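Before any comments, here is the structure.
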Amino acid sequence: MNEFTGKVAFVTGAASGIGLGMVKAFLRQGMQVMMADIEEVALQQAVIDLESNAVSSVLCDVSTRDSVFAAADKTLAELGKVHIVCNNAGVSTGGLIDECDEGDWQWSLGVNLMGVVHGCQAFIPHIKSQGEGGHIVNTASMAGLLGRNPGWTTYNATKYAVVGLTESLYEEGRLGGFGASVLCPGAVRTRIYEAPRNRPNRFGPQVSKPAYTDISRDIEQGLAPDIVGELVVEAIKAKRLHILTDPRFSRLVDKRFARLAADFEWAANSAALNPEA
């Protein structure tokens, strides 16, 4: 997509943080935006603060398929079409693997991964049928490219999954007439480490600590969400698959691939794969 004026965007987790930053960026491009969030008071306040006739809102729990599909129905009923879908809502659950209970896993998987799946399934058929092009932006994390942090197993697992999903979706989009990007932010000034405030009761009480608690200071000193919003717009226009907010992480990604290369070399010389040797 190169032309945004008059088009429609749908954003989850839109009441604050990166989601709100994307909403503002889309509005500056002349788009209409449906803001979706689970936090009703924050969503209402964000709509008031934006003071824009181009904004609509809908309560949405992305971990529930019916809620996302209902939000899609409302978007199409009120705005007519949809062109950009940002599956951005995310939560942070940390702790060592033996510290996270079933509720922690189901909540993290439900929002971070299945929320993305639900958004794609609810909107992509409409984008295809419109025949006007479109773009899907799925929010993952640098943790979806690097991993290895102890105590982040739950969070990392979901974010790696979103990266893999979106890389496949990018290829599907070549056939379906839409683009796809995965947003992998580093430190951004959001409230993600306060995510348990919105944890639905069906997942039980918070047992483990949010993964970001230990780096809350880094988050508070991170990139402004509005800058990330502008970066997303720029990346959509440039048809970039991976949207990266902090180029300094490239050296750590290089180290990851160096470790992979070393393991390939070890495998090539292993006794199991070379029994005759």
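Identifiers for the structure tokens are assigned positionally: chains receive A, B, ... in sequence, residues are indexed from 1 per chain, and ligands are indexed from 1 in the order shown.
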Do a neighbour search on Asp66 in chain A at 10 Å with only C-alpha atoms, toss out local chain neighbours closer than 5 positions, and write the hits as a PyMOL selection string.
chain A and resi 60-61+71-72+118+122
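Of the residues under consideration (A:Ser168, A:Ser141, A:Asn198, A:Asn53), A:Asn198 shows the shortest atom-to-atom contact distance to Ile38 in chain A when counting only C-alpha atoms.
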Run DSSP on the backbone and tell me which residues of range 158-250 of chain A come out as helix (DSSP H, G or I); list them as a VMD selection string.
chain A and resid 158 to 176 192 to 198 201 to 203 211 to 220 225 to 238 247 to 250
Closest atom pairs, range 13-122 of chain A residues within 12 Å of range 145-155 of chain A, only C-alpha atoms, as CSV:
residue,atom,partner,partner_atom,distance
A:Gly90,CA,A:Tyr155,CA,9.6
A:Val91,CA,A:Tyr155,CA,8.1
A:Ser92,CA,A:Tyr155,CA,6.2
A:Thr93,CA,A:Tyr155,CA,6.0
A:Gly94,CA,A:Trp152,CA,5.0
A:Gly95,CA,A:Gly151,CA,4.3
A:Leu96,CA,A:Gly151,CA,4.3
A:Ile97,CA,A:Thr153,CA,6.3
A:Asp98,CA,A:Gly151,CA,9.7
A:Glu99,CA,A:Gly151,CA,8.9
A:Cys100,CA,A:Thr154,CA,7.8
A:Asp101,CA,A:Thr154,CA,10.2
A:Glu102,CA,A:Thr154,CA,10.7
A:Gly103,CA,A:Thr154,CA,11.2
A:Asp104,CA,A:Thr154,CA,7.9
A:Trp105,CA,A:Thr154,CA,6.3
A:Gln106,CA,A:Thr154,CA,9.6
A:Trp107,CA,A:Thr154,CA,9.8
A:Ser108,CA,A:Tyr155,CA,6.8
A:Leu109,CA,A:Thr154,CA,8.1
A:Gly110,CA,A:Tyr155,CA,11.6
A:Val111,CA,A:Tyr155,CA,10.7
A:Asn112,CA,A:Tyr155,CA,8.2
A:Leu113,CA,A:Tyr155,CA,10.0
If you run DSSP over the backbone, which residues in range 128-222 of chain A end up strand (DSSP E)? Put them as a PyMOL selection string.
chain A and resi 135-139+179-184
Residue neighbourhood Asn87 in chain A, 12 Å, only C-alpha atoms, exclusion window fewer than 4 positions, as number ranges by chain:
A: 9-14, 18-19, 22, 35-37, 60-63, 68, 111-124, 135-140, 162, 166, 180-183
Preceding selection exported with N, CA and C atoms as a short mmCIF file (atom, residue, chain, number, x, y, z; two decimals), in the first residue's frame:
data_model
loop_
_atom_site.label_atom_id
_atom_site.label_comp_id
_atom_site.auth_asym_id
_atom_site.auth_seq_id
_atom_site.Cartn_x
_atom_site.Cartn_y
_atom_site.Cartn_z
N ALA A 9 -8.19 1.59 8.83
CA ALA A 9 -7.28 0.77 9.63
C ALA A 9 -8.00 0.26 10.87
N PHE A 10 -7.62 -0.93 11.29
CA PHE A 10 -8.13 -1.54 12.52
C PHE A 10 -6.92 -1.85 13.39
N VAL A 11 -6.95 -1.42 14.65
CA VAL A 11 -5.79 -1.58 15.54
C VAL A 11 -6.25 -2.14 16.88
N THR A 12 -5.65 -3.24 17.32
CA THR A 12 -5.93 -3.76 18.66
C THR A 12 -4.89 -3.23 19.64
N GLY A 13 -5.26 -3.25 20.92
CA GLY A 13 -4.38 -2.64 21.92
C GLY A 13 -4.20 -1.17 21.63
N ALA A 14 -5.27 -0.54 21.15
CA ALA A 14 -5.17 0.81 20.58
C ALA A 14 -5.28 1.93 21.59
N ILE A 18 2.10 1.37 21.87
CA ILE A 18 2.37 1.27 20.43
C ILE A 18 1.09 1.34 19.63
N GLY A 19 0.03 0.72 20.14
CA GLY A 19 -1.24 0.75 19.42
C GLY A 19 -1.73 2.17 19.19
N MET A 22 0.33 3.95 16.59
CA MET A 22 -0.06 3.62 15.22
C MET A 22 -1.33 4.33 14.82
N MET A 35 -10.46 1.76 16.64
CA MET A 35 -9.60 1.44 17.78
C MET A 35 -10.25 0.33 18.61
N ALA A 36 -9.52 -0.74 18.82
CA ALA A 36 -10.03 -1.87 19.61
C ALA A 36 -9.16 -2.07 20.85
N ASP A 37 -9.79 -2.29 21.99
CA ASP A 37 -9.04 -2.50 23.22
C ASP A 37 -9.94 -3.20 24.24
N CYS A 60 -12.82 -5.08 22.75
CA CYS A 60 -12.43 -6.33 22.12
C CYS A 60 -11.43 -7.09 22.99
N ASP A 61 -11.74 -8.33 23.28
CA ASP A 61 -10.80 -9.24 23.95
C ASP A 61 -10.24 -10.15 22.86
N VAL A 62 -9.03 -9.89 22.42
CA VAL A 62 -8.49 -10.60 21.26
C VAL A 62 -8.27 -12.09 21.52
N SER A 63 -8.24 -12.49 22.79
CA SER A 63 -8.05 -13.90 23.09
C SER A 63 -9.31 -14.71 22.81
N VAL A 68 -13.27 -10.86 18.47
CA VAL A 68 -12.55 -10.27 17.34
C VAL A 68 -13.44 -10.23 16.09
N VAL A 111 -3.66 -14.14 24.01
CA VAL A 111 -3.54 -12.75 23.54
C VAL A 111 -2.44 -12.62 22.49
N ASN A 112 -1.22 -13.04 22.84
CA ASN A 112 -0.07 -12.77 21.98
C ASN A 112 -0.08 -13.54 20.67
N LEU A 113 -0.56 -14.77 20.70
CA LEU A 113 -0.57 -15.59 19.49
C LEU A 113 -1.96 -15.72 18.88
N MET A 114 -2.93 -16.23 19.66
CA MET A 114 -4.26 -16.43 19.09
C MET A 114 -4.96 -15.12 18.77
N GLY A 115 -4.59 -14.04 19.47
CA GLY A 115 -5.13 -12.73 19.11
C GLY A 115 -4.73 -12.35 17.70
N VAL A 116 -3.50 -12.68 17.32
CA VAL A 116 -3.02 -12.44 15.96
C VAL A 116 -3.76 -13.33 14.97
N VAL A 117 -3.90 -14.61 15.32
CA VAL A 117 -4.62 -15.54 14.45
C VAL A 117 -6.05 -15.08 14.24
N HIS A 118 -6.73 -14.71 15.32
CA HIS A 118 -8.11 -14.27 15.21
C HIS A 118 -8.24 -13.03 14.31
N GLY A 119 -7.32 -12.08 14.47
CA GLY A 119 -7.36 -10.88 13.65
C GLY A 119 -7.16 -11.17 12.19
N CYS A 120 -6.22 -12.05 11.89
CA CYS A 120 -5.97 -12.42 10.49
C CYS A 120 -7.18 -13.12 9.89
N GLN A 121 -7.75 -14.06 10.63
CA GLN A 121 -8.88 -14.82 10.09
C GLN A 121 -10.13 -13.97 9.95
N ALA A 122 -10.30 -12.99 10.82
CA ALA A 122 -11.49 -12.14 10.77
C ALA A 122 -11.44 -11.14 9.62
N PHE A 123 -10.25 -10.65 9.27
CA PHE A 123 -10.16 -9.54 8.33
C PHE A 123 -9.62 -9.89 6.95
N ILE A 124 -8.72 -10.85 6.86
CA ILE A 124 -8.09 -11.13 5.57
C ILE A 124 -9.09 -11.51 4.49
N HIS A 135 -2.82 -4.50 4.12
CA HIS A 135 -1.59 -4.85 4.82
C HIS A 135 -1.93 -5.31 6.23
N ILE A 136 -1.27 -6.38 6.66
CA ILE A 136 -1.39 -6.89 8.02
C ILE A 136 -0.10 -6.59 8.77
N VAL A 137 -0.22 -6.00 9.95
CA VAL A 137 0.94 -5.77 10.82
C VAL A 137 0.71 -6.54 12.12
N ASN A 138 1.55 -7.51 12.39
CA ASN A 138 1.47 -8.29 13.61
C ASN A 138 2.60 -7.89 14.55
N THR A 139 2.26 -7.55 15.78
CA THR A 139 3.28 -7.13 16.73
C THR A 139 3.87 -8.33 17.46
N ALA A 140 5.17 -8.51 17.30
CA ALA A 140 5.92 -9.53 18.03
C ALA A 140 6.83 -8.79 19.01
N VAL A 162 4.66 -15.64 16.52
CA VAL A 162 4.13 -14.55 15.70
C VAL A 162 5.07 -14.22 14.55
N THR A 166 3.92 -14.68 10.67
CA THR A 166 3.91 -13.54 9.75
C THR A 166 4.82 -13.77 8.55
N ALA A 180 2.27 -8.03 4.38
CA ALA A 180 2.33 -8.42 5.79
C ALA A 180 3.68 -8.03 6.37
N SER A 181 3.64 -7.57 7.62
CA SER A 181 4.85 -7.19 8.34
C SER A 181 4.75 -7.67 9.77
N VAL A 182 5.91 -7.97 10.36
CA VAL A 182 5.95 -8.29 11.78
C VAL A 182 6.77 -7.21 12.48
N LEU A 183 6.15 -6.57 13.44
CA LEU A 183 6.81 -5.51 14.21
C LEU A 183 7.54 -6.13 15.38
#
Please provide as a PyMOL selection string all residues within 8 Å of range 243-248 of chain A, with the sequence filter that same-chain residues fewer than 6 positions apart are discarded (counting only C-alpha atoms).
chain A and resi 142+181-186+228+231-232+235
Written selection (N, CA and C atoms) as a PDB file, in the first residue's frame:
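Once written, result.pdb looks like this:
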ATOM      1  N   MET A 142      11.491  -8.043  19.810  1.00  0.00           N
ATOM      2  CA  MET A 142      12.849  -8.523  19.592  1.00  0.00           C
ATOM      3  C   MET A 142      13.051  -9.867  20.277  1.00  0.00           C
ATOM      4  N   SER A 181       3.638  -7.570   7.617  1.00  0.00           N
ATOM      5  CA  SER A 181       4.853  -7.193   8.337  1.00  0.00           C
ATOM      6  C   SER A 181       4.752  -7.668   9.772  1.00  0.00           C
ATOM      7  N   VAL A 182       5.908  -7.975  10.364  1.00  0.00           N
ATOM      8  CA  VAL A 182       5.952  -8.292  11.783  1.00  0.00           C
ATOM      9  C   VAL A 182       6.770  -7.213  12.477  1.00  0.00           C
ATOM     10  N   LEU A 183       6.153  -6.569  13.443  1.00  0.00           N
ATOM     11  CA  LEU A 183       6.809  -5.513  14.207  1.00  0.00           C
ATOM     12  C   LEU A 183       7.542  -6.135  15.381  1.00  0.00           C
ATOM     13  N   CYS A 184       8.855  -5.923  15.425  1.00  0.00           N
ATOM     14  CA  CYS A 184       9.693  -6.491  16.487  1.00  0.00           C
ATOM     15  C   CYS A 184      10.359  -5.353  17.259  1.00  0.00           C
ATOM     16  N   PRO A 185       9.622  -4.728  18.159  1.00  0.00           N
ATOM     17  CA  PRO A 185      10.189  -3.580  18.869  1.00  0.00           C
ATOM     18  C   PRO A 185      11.175  -3.970  19.944  1.00  0.00           C
ATOM     19  N   GLY A 186      12.129  -3.084  20.157  1.00  0.00           N
ATOM     20  CA  GLY A 186      12.976  -3.174  21.333  1.00  0.00           C
ATOM     21  C   GLY A 186      12.283  -2.424  22.455  1.00  0.00           C
ATOM     22  N   VAL A 228       7.281   4.888  16.829  1.00  0.00           N
ATOM     23  CA  VAL A 228       7.036   3.541  16.313  1.00  0.00           C
ATOM     24  C   VAL A 228       5.878   3.569  15.320  1.00  0.00           C
ATOM     25  N   LEU A 231       7.131   4.769  12.092  1.00  0.00           N
ATOM     26  CA  LEU A 231       7.973   3.739  11.491  1.00  0.00           C
ATOM     27  C   LEU A 231       7.115   2.673  10.812  1.00  0.00           C
ATOM     28  N   VAL A 232       6.005   2.313  11.432  1.00  0.00           N
ATOM     29  CA  VAL A 232       5.104   1.322  10.851  1.00  0.00           C
ATOM     30  C   VAL A 232       4.554   1.813   9.521  1.00  0.00           C
ATOM     31  N   ALA A 235       7.277   1.588   6.966  1.00  0.00           N
ATOM     32  CA  ALA A 235       7.579   0.205   6.603  1.00  0.00           C
ATOM     33  C   ALA A 235       6.503  -0.395   5.702  1.00  0.00           C
TER      34      ALA A 235
END
Report, in Å to a single decimal, how far apart CA of Ile192 in chain A and CA of Ala157 in chain A are.
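Atom-to-atom, CA of Ala157 in chain A to CA of Ile192 in chain A, that is 16.7 Å.
Shell of Pro225 in chain A at 9 Å, with only C-alpha atoms counted and residues fewer than 2 places along the chain excluded, is Ser16, Gly17, Ile18, Gly19, Leu20, Gly21, Met22, Val188, Arg189, Thr190, Gly222, Leu223, Ile227, Val228, Gly229 and Glu230 of chain A.
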